[in-house]
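Just my_file_1.csv here, CSV, C-alpha atoms and all ligand atoms:
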chain,number,residue,atom,x,y,z
A,1,MET,CA,16.5,-14.3,11.8
A,2,THR,CA,13.4,-14.6,14.0
A,3,ARG,CA,10.5,-16.7,12.9
A,4,ALA,CA,7.0,-16.6,14.2
A,5,ALA,CA,4.9,-19.7,14.4
A,6,PRO,CA,3.8,-20.4,10.8
A,7,GLY,CA,0.1,-19.9,10.1
A,8,PRO,CA,-2.0,-22.3,8.1
A,9,GLU,CA,-1.0,-20.4,4.9
A,10,ALA,CA,2.7,-20.6,5.4
A,11,PRO,CA,4.8,-22.8,3.2
A,12,HIS,CA,7.6,-24.8,4.8
A,13,SER,CA,10.4,-22.6,3.6
A,14,LEU,CA,11.2,-19.4,1.8
A,15,ALA,CA,12.5,-21.6,-1.0
A,16,ASP,CA,8.9,-22.5,-1.8
A,17,LEU,CA,8.0,-18.9,-2.7
A,18,ARG,CA,8.0,-17.9,-6.4
A,19,ALA,CA,6.6,-14.4,-6.1
A,20,LEU,CA,6.2,-11.4,-3.7
A,21,ILE,CA,3.8,-8.6,-3.3
A,22,ILE,CA,5.9,-5.9,-1.8
A,23,ASP,CA,4.9,-2.9,0.3
A,24,ILE,CA,7.0,0.2,-0.3
A,25,ASP,CA,7.1,2.8,2.6
A,26,GLY,CA,9.0,1.3,5.6
A,27,VAL,CA,10.2,-1.6,3.5
A,28,LEU,CA,12.2,-0.1,0.6
A,29,TRP,CA,12.6,3.4,2.0
A,30,ARG,CA,11.7,6.0,4.5
A,31,GLY,CA,10.8,9.3,2.8
A,32,ASP,CA,13.7,10.0,0.5
A,33,THR,CA,16.2,7.7,2.2
A,34,ALA,CA,16.6,4.1,0.9
A,35,LEU,CA,16.7,1.4,3.5
A,36,PRO,CA,19.8,-0.8,3.7
A,37,GLY,CA,20.0,-3.7,1.3
A,38,LEU,CA,17.5,-2.3,-1.2
A,39,ALA,CA,19.5,-2.8,-4.5
A,40,ALA,CA,20.9,-6.2,-3.4
A,41,PHE,CA,17.4,-7.5,-2.6
A,42,PHE,CA,16.1,-6.6,-6.1
A,43,ALA,CA,19.3,-8.1,-7.7
A,44,PHE,CA,18.6,-11.3,-5.7
A,45,MET,CA,15.0,-11.5,-6.9
A,46,ARG,CA,15.9,-10.9,-10.5
A,47,GLU,CA,18.8,-13.5,-10.3
A,48,ARG,CA,16.4,-16.1,-8.9
A,49,GLY,CA,13.4,-15.4,-11.1
A,50,ILE,CA,11.2,-14.3,-8.2
A,51,THR,CA,8.5,-12.2,-9.7
A,52,PHE,CA,7.0,-9.3,-7.8
A,53,ARG,CA,4.5,-6.5,-7.7
A,54,LEU,CA,5.1,-3.4,-5.6
A,55,ALA,CA,1.7,-2.8,-4.0
A,56,THR,CA,1.4,0.3,-1.8
A,57,ASN,CA,-1.4,2.0,0.1
A,58,ASN,CA,0.4,5.3,-0.7
A,59,ALA,CA,-1.6,6.9,-3.5
A,60,SER,CA,0.5,10.1,-3.7
A,61,LEU,CA,2.8,9.0,-6.5
A,62,THR,CA,2.1,7.6,-10.0
A,63,PRO,CA,3.7,4.3,-11.1
A,64,ALA,CA,6.1,6.3,-13.3
A,65,ALA,CA,7.2,8.3,-10.2
A,66,TYR,CA,7.9,5.2,-8.2
A,67,VAL,CA,9.9,3.7,-11.1
A,68,ALA,CA,12.0,6.9,-11.2
A,69,LYS,CA,12.5,6.9,-7.5
A,70,LEU,CA,13.6,3.3,-7.6
A,71,ALA,CA,16.1,4.1,-10.4
A,72,ARG,CA,17.7,6.8,-8.2
A,73,PHE,CA,18.4,4.0,-5.7
A,74,GLY,CA,19.9,1.7,-8.4
A,75,VAL,CA,16.8,-0.5,-8.9
A,76,HIS,CA,15.2,-1.1,-12.3
A,77,ALA,CA,11.5,-1.8,-12.2
A,78,ALA,CA,8.8,-1.5,-14.9
A,79,GLU,CA,5.6,0.6,-14.4
A,80,GLU,CA,3.6,-2.6,-14.8
A,81,GLU,CA,5.3,-3.9,-11.6
A,82,VAL,CA,3.8,-1.1,-9.5
A,83,LEU,CA,0.3,-1.2,-8.1
A,84,THR,CA,-1.0,1.7,-5.9
A,85,SER,CA,-4.2,2.2,-3.9
A,86,ALA,CA,-4.8,5.0,-6.4
A,87,LEU,CA,-5.0,2.6,-9.3
A,88,ALA,CA,-7.2,0.2,-7.2
A,89,THR,CA,-9.5,3.1,-6.2
A,90,ALA,CA,-9.8,4.2,-9.8
A,91,ALA,CA,-10.6,0.7,-10.9
A,92,TYR,CA,-13.2,0.4,-8.1
A,93,LEU,CA,-14.9,3.7,-9.0
A,94,ARG,CA,-14.8,3.0,-12.8
A,95,ARG,CA,-16.9,-0.1,-12.0
A,96,GLU,CA,-19.1,1.3,-9.2
A,97,ALA,CA,-19.7,4.9,-10.5
A,98,PRO,CA,-18.6,5.3,-14.1
A,99,GLY,CA,-18.2,9.0,-15.1
A,100,ALA,CA,-19.0,10.4,-11.7
A,101,LYS,CA,-18.0,13.8,-10.4
A,102,VAL,CA,-15.2,13.4,-7.8
A,103,TYR,CA,-13.8,15.9,-5.4
A,104,VAL,CA,-10.2,14.8,-4.5
A,105,ILE,CA,-8.0,15.4,-1.6
A,106,GLY,CA,-4.8,13.9,-2.9
A,107,GLU,CA,-1.7,14.3,-5.0
A,108,GLU,CA,-0.9,13.5,-8.6
A,109,GLY,CA,-1.0,9.7,-8.2
A,110,ILE,CA,-4.7,9.6,-7.4
A,111,GLN,CA,-5.7,12.6,-9.6
A,112,GLN,CA,-4.1,11.0,-12.7
A,113,ALA,CA,-5.5,7.5,-11.9
A,114,LEU,CA,-9.1,8.9,-11.6
A,115,ARG,CA,-8.8,11.0,-14.8
A,116,GLU,CA,-7.5,8.0,-16.7
A,117,ALA,CA,-10.4,5.9,-15.4
A,118,GLY,CA,-12.9,8.4,-16.9
A,119,LEU,CA,-14.0,10.0,-13.6
A,120,ARG,CA,-14.6,13.8,-13.7
A,121,VAL,CA,-12.3,15.4,-11.1
A,122,VAL,CA,-14.0,18.7,-10.0
A,123,SER,CA,-12.2,22.0,-9.1
A,124,GLU,CA,-11.7,23.3,-5.6
A,125,GLU,CA,-14.6,25.7,-5.7
A,126,ASP,CA,-17.1,23.0,-6.9
A,127,LEU,CA,-19.3,21.6,-4.1
A,128,THR,CA,-21.5,19.4,-6.3
A,129,ALA,CA,-19.3,16.2,-6.4
A,130,ASP,CA,-21.0,12.8,-6.3
A,131,ILE,CA,-18.0,11.3,-4.5
A,132,VAL,CA,-15.3,12.6,-2.2
A,133,VAL,CA,-12.0,10.7,-2.5
A,134,CYS,CA,-9.5,11.2,0.3
A,135,SER,CA,-5.9,10.2,0.0
A,136,MET,CA,-2.5,11.4,1.3
A,137,ASP,CA,-2.0,15.0,0.4
A,138,ARG,CA,1.1,16.9,1.5
A,139,GLY,CA,-0.6,20.1,0.4
A,140,LEU,CA,-3.6,19.6,2.6
A,141,ASN,CA,-5.1,22.8,3.9
A,142,TRP,CA,-8.3,24.3,5.5
A,143,THR,CA,-10.0,24.9,2.1
A,144,LYS,CA,-9.6,21.3,1.0
A,145,LEU,CA,-10.9,19.9,4.4
A,146,SER,CA,-13.8,22.4,4.3
A,147,ASN,CA,-14.8,21.6,0.7
A,148,ALA,CA,-14.7,17.8,1.4
A,149,THR,CA,-16.7,18.3,4.6
A,150,ILE,CA,-19.4,20.4,2.9
A,151,SER,CA,-19.7,17.9,0.0
A,152,LEU,CA,-20.0,15.0,2.4
A,153,ARG,CA,-22.7,16.8,4.4
A,154,ARG,CA,-24.6,17.3,1.2
A,155,GLY,CA,-24.6,13.6,0.6
A,156,ALA,CA,-21.5,12.8,-1.5
A,157,ARG,CA,-20.2,9.2,-1.2
A,158,PHE,CA,-17.0,8.9,0.9
A,159,VAL,CA,-14.2,6.8,-0.5
A,160,ALA,CA,-10.6,6.5,0.8
A,161,THR,CA,-7.5,5.1,-0.9
A,162,ASN,CA,-6.3,3.8,2.4
A,163,ALA,CA,-6.8,4.2,6.2
A,164,ASP,CA,-3.3,3.9,7.5
A,165,MET,CA,-3.3,5.9,10.8
A,166,THR,CA,0.4,6.7,10.6
A,167,PHE,CA,3.1,7.2,8.0
A,168,PRO,CA,6.9,6.5,8.4
A,169,THR,CA,9.2,9.3,7.4
A,170,GLU,CA,12.9,10.1,8.0
A,171,ARG,CA,11.8,12.5,10.8
A,172,GLY,CA,9.8,9.9,12.6
A,173,ILE,CA,6.3,8.3,12.4
A,174,THR,CA,3.7,11.0,11.5
A,175,HIS,CA,0.0,11.1,10.7
A,176,GLY,CA,-1.3,8.9,7.8
A,177,ASN,CA,-4.5,9.2,5.7
A,178,GLY,CA,-6.5,7.4,8.4
A,179,ALA,CA,-6.0,10.4,10.7
A,180,ILE,CA,-7.4,12.8,8.1
A,181,LEU,CA,-10.4,10.4,7.4
A,182,ALA,CA,-11.1,10.6,11.2
A,183,ALA,CA,-11.3,14.4,11.0
A,184,LEU,CA,-13.6,14.3,8.0
A,185,SER,CA,-15.8,11.7,9.7
A,186,ALA,CA,-16.0,13.7,12.8
A,187,ALA,CA,-17.1,16.8,10.9
A,188,SER,CA,-19.5,15.2,8.5
A,189,GLY,CA,-20.8,12.0,10.2
A,190,ALA,CA,-19.9,10.1,7.0
A,191,HIS,CA,-17.7,7.0,7.1
A,192,PRO,CA,-15.5,6.0,4.1
A,193,THR,CA,-15.3,2.9,2.0
A,194,VAL,CA,-11.6,2.0,2.1
A,195,VAL,CA,-10.0,0.4,-0.9
A,196,GLY,CA,-6.4,-0.2,0.2
A,197,LYS,CA,-4.9,-2.9,2.4
A,198,PRO,CA,-6.1,-4.8,4.5
A,199,GLU,CA,-9.2,-4.8,2.1
A,200,PRO,CA,-8.7,-7.4,-0.6
A,201,LEU,CA,-8.7,-5.4,-3.8
A,202,LEU,CA,-5.0,-4.4,-4.0
A,203,TYR,CA,-3.7,-8.0,-3.3
A,204,GLU,CA,-6.3,-9.5,-5.7
A,205,MET,CA,-5.1,-7.1,-8.5
A,206,ALA,CA,-1.5,-8.0,-7.7
A,207,LEU,CA,-2.1,-11.8,-7.7
A,208,ALA,CA,-4.1,-11.6,-11.0
A,209,SER,CA,-1.3,-9.7,-12.7
A,210,LEU,CA,1.4,-12.1,-11.3
A,211,SER,CA,-0.4,-15.3,-12.5
A,212,ARG,CA,0.8,-17.0,-9.4
A,213,SER,CA,-1.3,-18.9,-6.8
A,214,PRO,CA,-1.6,-17.4,-3.3
A,215,HIS,CA,0.3,-20.2,-1.6
A,216,GLU,CA,3.5,-19.6,-3.7
A,217,THR,CA,3.2,-15.8,-3.2
A,218,ALA,CA,4.0,-13.9,0.0
A,219,ALA,CA,3.1,-10.4,1.0
A,220,LEU,CA,6.1,-8.4,2.3
A,221,GLY,CA,5.4,-5.4,4.5
A,222,ASP,CA,6.1,-3.4,7.6
A,223,ARG,CA,2.6,-3.0,9.1
A,224,LEU,CA,0.6,-5.7,10.9
A,225,GLU,CA,-2.9,-4.1,10.5
A,226,THR,CA,-2.6,-3.6,6.7
A,227,ASP,CA,0.1,-5.7,5.0
A,228,ILE,CA,0.0,-8.7,7.2
A,229,LEU,CA,-3.8,-8.7,8.0
A,230,GLY,CA,-4.5,-8.3,4.3
A,231,ALA,CA,-2.3,-11.4,3.6
A,232,HIS,CA,-4.2,-13.4,6.1
A,233,ARG,CA,-7.5,-12.4,4.5
A,234,ALA,CA,-6.1,-13.3,1.0
A,235,ARG,CA,-4.8,-16.7,2.5
A,236,MET,CA,-1.2,-15.8,1.6
A,237,PRO,CA,1.9,-16.3,3.6
A,238,SER,CA,3.5,-13.0,4.8
A,239,ILE,CA,6.9,-11.6,5.7
A,240,LEU,CA,7.2,-8.7,8.2
A,241,VAL,CA,10.2,-6.5,8.2
A,242,LEU,CA,11.0,-4.3,11.3
A,243,SER,CA,12.4,-1.4,9.3
A,244,GLY,CA,9.1,0.6,9.2
A,245,VAL,CA,6.2,0.9,11.6
A,246,ALA,CA,5.8,-2.5,13.5
A,247,SER,CA,8.1,-3.5,16.3
A,248,ALA,CA,9.2,-7.0,17.3
A,249,ASP,CA,7.0,-6.9,20.4
A,250,GLU,CA,3.9,-6.0,18.3
A,251,ALA,CA,4.7,-8.8,15.9
A,252,ALA,CA,5.0,-11.3,18.8
A,253,ARG,CA,1.6,-10.2,20.2
A,254,ALA,CA,-0.3,-10.0,16.8
A,255,ALA,CA,-3.6,-11.7,16.5
A,256,CYS,CA,-2.8,-12.4,12.9
A,257,PRO,CA,1.0,-13.1,13.0
A,258,PRO,CA,3.3,-12.9,10.0
A,259,SER,CA,4.8,-16.2,8.7
A,260,TRP,CA,8.3,-14.7,9.0
A,261,VAL,CA,9.8,-11.7,10.8
A,262,PHE,CA,13.1,-10.1,9.7
A,263,THR,CA,14.9,-7.0,10.9
A,264,GLY,CA,15.1,-5.7,7.3
A,265,LEU,CA,15.9,-6.6,3.7
A,266,PRO,CA,19.6,-7.7,4.3
A,267,GLU,CA,18.5,-10.4,6.8
A,268,LEU,CA,15.6,-11.5,4.5
A,269,THR,CA,17.9,-11.7,1.5
A,270,HIS,CA,20.5,-13.7,3.5
A,271,ALA,CA,17.9,-16.2,4.8
A,272,TRP,CA,16.3,-16.7,1.4
A,273,ARG,CA,19.6,-17.2,-0.3
A,274,SER,CA,20.5,-19.8,2.4
A,275,ALA,CA,17.1,-21.6,2.0
A,276,LEU,CA,17.7,-21.9,-1.7
A,277,GLY,CA,21.1,-23.4,-1.1
B,301,MG,MG,4.6,0.3,4.7

Could you rewrite the structure in this file as structure tokens?
Ligand SMILES: [Mg+2]
Amino acid sequence: MTRAAPGPEAPHSLADLRALIIDIDGVLWRGDTALPGLAAFFAFMRERGITFRLATNNASLTPAAYVAKLARFGVHAAEEEVLTSALATAAYLRREAPGAKVYVIGEEGIQQALREAGLRVVSEEDLTADIVVCSMDRGLNWTKLSNATISLRRGARFVATNADMTFPTERGITHGNGAILAALSAASGAHPTVVGKPEPLLYEMALASLSRSPHETAALGDRLETDILGAHRARMPSILVLSGVASADEAARAACPPSWVFTGLPELTHAWRSALG
């Protein structure tokens, strides 16, 4: 175990934590490959009554799809335990622009969340959207980029589920939604409102549904500029695992350091079990 200098938000010990807000990609799995210690970590949390929300910037999947993917890896979770930037974006737009016409670059996770929030998702040929929402889309193509660009140049508002520049996969670290936002900004001159981490909305929604205070809840993630920075802004302690994007060197140099650093879930589970005695 390596431990960074605790920030002002850090409790004295892992034993003081009662809840976690857990990132998914790079923490639980890479692509379709579970990371080591996944099932044992969830068994430990259930055994010790540590409540959690899975809170991800990845808007491509629905909560039901995340629950099904976890089940394939031997982990039972409820849909209510999953919060995505798609749900947070839908909640934001339901409040800010109820019933608006939305052109979406994105997969089923964001499409379903927007429809369920009463937004009108327009077809690919429709260039009259009030809002362009951009999210991870593994079917991204020239037509989608072109439609989004034309809509933005005509004055549509620009909203993004997240701005992660990179994305961890089994094949290596590849482009994230932030890289696509950069392309759309270059072509349109428009700059997006970003909903996901490190912006506060996702962590605020997770904390509200956990009914825990920020000081007894930690954020667990693999990225300094989203998971850990978002935790600092929410005045929560944070745990970085090195199984995803961030390296130990980057963690040591971070302006907003995590409260704890572990190589991955097995080391975290072991340390937490030891702290509880
Ligand atoms: Mg991650």

I'd like the neighbourhood of region 106-116 of chain A as a list in words, where a residue qualifies if any of its atoms comes within 7 Å (using all atoms listed in the file), though same-chain residues fewer than 3 positions away should be ignored.
Ala59, Ser60, Leu61, Thr62, Ala86, Leu87, Ala90, Leu119, Arg120, Val121, Cys134, Ser135, Met136 and Asp137 of chain A

Can you write out as a Markdown table which residues of chain A fall within 7 Å of ligand MG 301 (chain B), alongside each residue's closest atom pair and its distance in Å to one decimal, counting only C-alpha atoms and all ligand atoms and ordering rows by chain and ascending residue number?
| residue | atom | partner | partner_atom | distance |
| --- | --- | --- | --- | --- |
| A:Asp23 | CA | B:MG301 | MG | 5.4 |
| A:Ile24 | CA | B:MG301 | MG | 5.5 |
| A:Asp25 | CA | B:MG301 | MG | 4.1 |
| A:Gly26 | CA | B:MG301 | MG | 4.6 |
| A:Val27 | CA | B:MG301 | MG | 6.0 |
| A:Gly221 | CA | B:MG301 | MG | 5.8 |
| A:Asp222 | CA | B:MG301 | MG | 4.9 |
| A:Arg223 | CA | B:MG301 | MG | 5.9 |
| A:Gly244 | CA | B:MG301 | MG | 6.4 |

Counting all atoms listed in the file, figure out which residue out of A:Leu83, A:Val132, A:Ile22, A:Leu17 gets nearest to Leu240 (chain A).
A:Ile22

Calculate how many Å separate CA of Val67 (chain A) from CA of Asp32 (chain A), rounding to one decimal.
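Separation of CA of Val67 (chain A) and CA of Asp32 (chain A): 13.7 Å.
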
Looking at A:Gly189, A:Pro198, A:Pro168, A:Pro258, which one is nearest to Leu220 (chain A), with distances taken over all atoms listed in the file?
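Of the candidates, the smallest distance to Leu220 (chain A) is held by A:Pro258.
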
Would you mind putting N, CA and C atoms back on region 224-242 of chain A and writing the result as a PDB file, in the frame of the given file?
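Wrote result.pdb, looks like this:
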ATOM      1  N   LEU A 224       1.401  -4.536  10.546  1.00  0.00           N
ATOM      2  CA  LEU A 224       0.600  -5.700  10.900  1.00  0.00           C
ATOM      3  C   LEU A 224      -0.878  -5.502  10.449  1.00  0.00           C
ATOM      4  N   GLU A 225      -1.422  -4.288  10.656  1.00  0.00           N
ATOM      5  CA  GLU A 225      -2.900  -4.100  10.500  1.00  0.00           C
ATOM      6  C   GLU A 225      -3.254  -3.864   9.016  1.00  0.00           C
ATOM      7  N   THR A 226      -2.268  -3.727   8.121  1.00  0.00           N
ATOM      8  CA  THR A 226      -2.600  -3.600   6.700  1.00  0.00           C
ATOM      9  C   THR A 226      -1.949  -4.727   5.903  1.00  0.00           C
ATOM     10  N   ASP A 227      -0.603  -4.716   5.793  1.00  0.00           N
ATOM     11  CA  ASP A 227       0.100  -5.700   5.000  1.00  0.00           C
ATOM     12  C   ASP A 227      -0.146  -7.128   5.421  1.00  0.00           C
ATOM     13  N   ILE A 228       0.020  -7.368   6.724  1.00  0.00           N
ATOM     14  CA  ILE A 228       0.000  -8.700   7.200  1.00  0.00           C
ATOM     15  C   ILE A 228      -1.475  -9.210   7.383  1.00  0.00           C
ATOM     16  N   LEU A 229      -2.355  -8.362   7.913  1.00  0.00           N
ATOM     17  CA  LEU A 229      -3.800  -8.700   8.000  1.00  0.00           C
ATOM     18  C   LEU A 229      -4.360  -8.972   6.621  1.00  0.00           C
ATOM     19  N   GLY A 230      -3.997  -8.130   5.652  1.00  0.00           N
ATOM     20  CA  GLY A 230      -4.500  -8.300   4.300  1.00  0.00           C
ATOM     21  C   GLY A 230      -4.033  -9.653   3.706  1.00  0.00           C
ATOM     22  N   ALA A 231      -2.801 -10.059   4.023  1.00  0.00           N
ATOM     23  CA  ALA A 231      -2.300 -11.400   3.600  1.00  0.00           C
ATOM     24  C   ALA A 231      -3.088 -12.511   4.172  1.00  0.00           C
ATOM     25  N   HIS A 232      -3.384 -12.412   5.464  1.00  0.00           N
ATOM     26  CA  HIS A 232      -4.200 -13.400   6.100  1.00  0.00           C
ATOM     27  C   HIS A 232      -5.544 -13.569   5.397  1.00  0.00           C
ATOM     28  N   ARG A 233      -6.158 -12.412   5.116  1.00  0.00           N
ATOM     29  CA  ARG A 233      -7.500 -12.400   4.500  1.00  0.00           C
ATOM     30  C   ARG A 233      -7.406 -13.027   3.062  1.00  0.00           C
ATOM     31  N   ALA A 234      -6.267 -12.800   2.378  1.00  0.00           N
ATOM     32  CA  ALA A 234      -6.100 -13.300   1.000  1.00  0.00           C
ATOM     33  C   ALA A 234      -5.534 -14.771   1.065  1.00  0.00           C
ATOM     34  N   ARG A 235      -5.348 -15.323   2.299  1.00  0.00           N
ATOM     35  CA  ARG A 235      -4.800 -16.700   2.500  1.00  0.00           C
ATOM     36  C   ARG A 235      -3.440 -16.839   1.865  1.00  0.00           C
ATOM     37  N   MET A 236      -2.613 -15.796   2.041  1.00  0.00           N
ATOM     38  CA  MET A 236      -1.200 -15.800   1.600  1.00  0.00           C
ATOM     39  C   MET A 236      -0.291 -15.818   2.746  1.00  0.00           C
ATOM     40  N   PRO A 237       0.903 -16.446   2.621  1.00  0.00           N
ATOM     41  CA  PRO A 237       1.900 -16.300   3.600  1.00  0.00           C
ATOM     42  C   PRO A 237       2.415 -14.811   3.638  1.00  0.00           C
ATOM     43  N   SER A 238       3.070 -14.424   4.742  1.00  0.00           N
ATOM     44  CA  SER A 238       3.500 -13.000   4.800  1.00  0.00           C
ATOM     45  C   SER A 238       4.825 -12.897   5.548  1.00  0.00           C
ATOM     46  N   ILE A 239       5.543 -11.856   5.161  1.00  0.00           N
ATOM     47  CA  ILE A 239       6.900 -11.600   5.700  1.00  0.00           C
ATOM     48  C   ILE A 239       6.817 -10.153   6.285  1.00  0.00           C
ATOM     49  N   LEU A 240       7.108 -10.018   7.583  1.00  0.00           N
ATOM     50  CA  LEU A 240       7.200  -8.700   8.200  1.00  0.00           C
ATOM     51  C   LEU A 240       8.631  -8.275   8.346  1.00  0.00           C
ATOM     52  N   VAL A 241       8.943  -7.044   7.924  1.00  0.00           N
ATOM     53  CA  VAL A 241      10.200  -6.500   8.200  1.00  0.00           C
ATOM     54  C   VAL A 241      10.053  -5.382   9.288  1.00  0.00           C
ATOM     55  N   LEU A 242      11.057  -5.247  10.154  1.00  0.00           N
ATOM     56  CA  LEU A 242      11.000  -4.300  11.300  1.00  0.00           C
ATOM     57  C   LEU A 242      11.593  -2.966  10.987  1.00  0.00           C
TER      58      LEU A 242
END
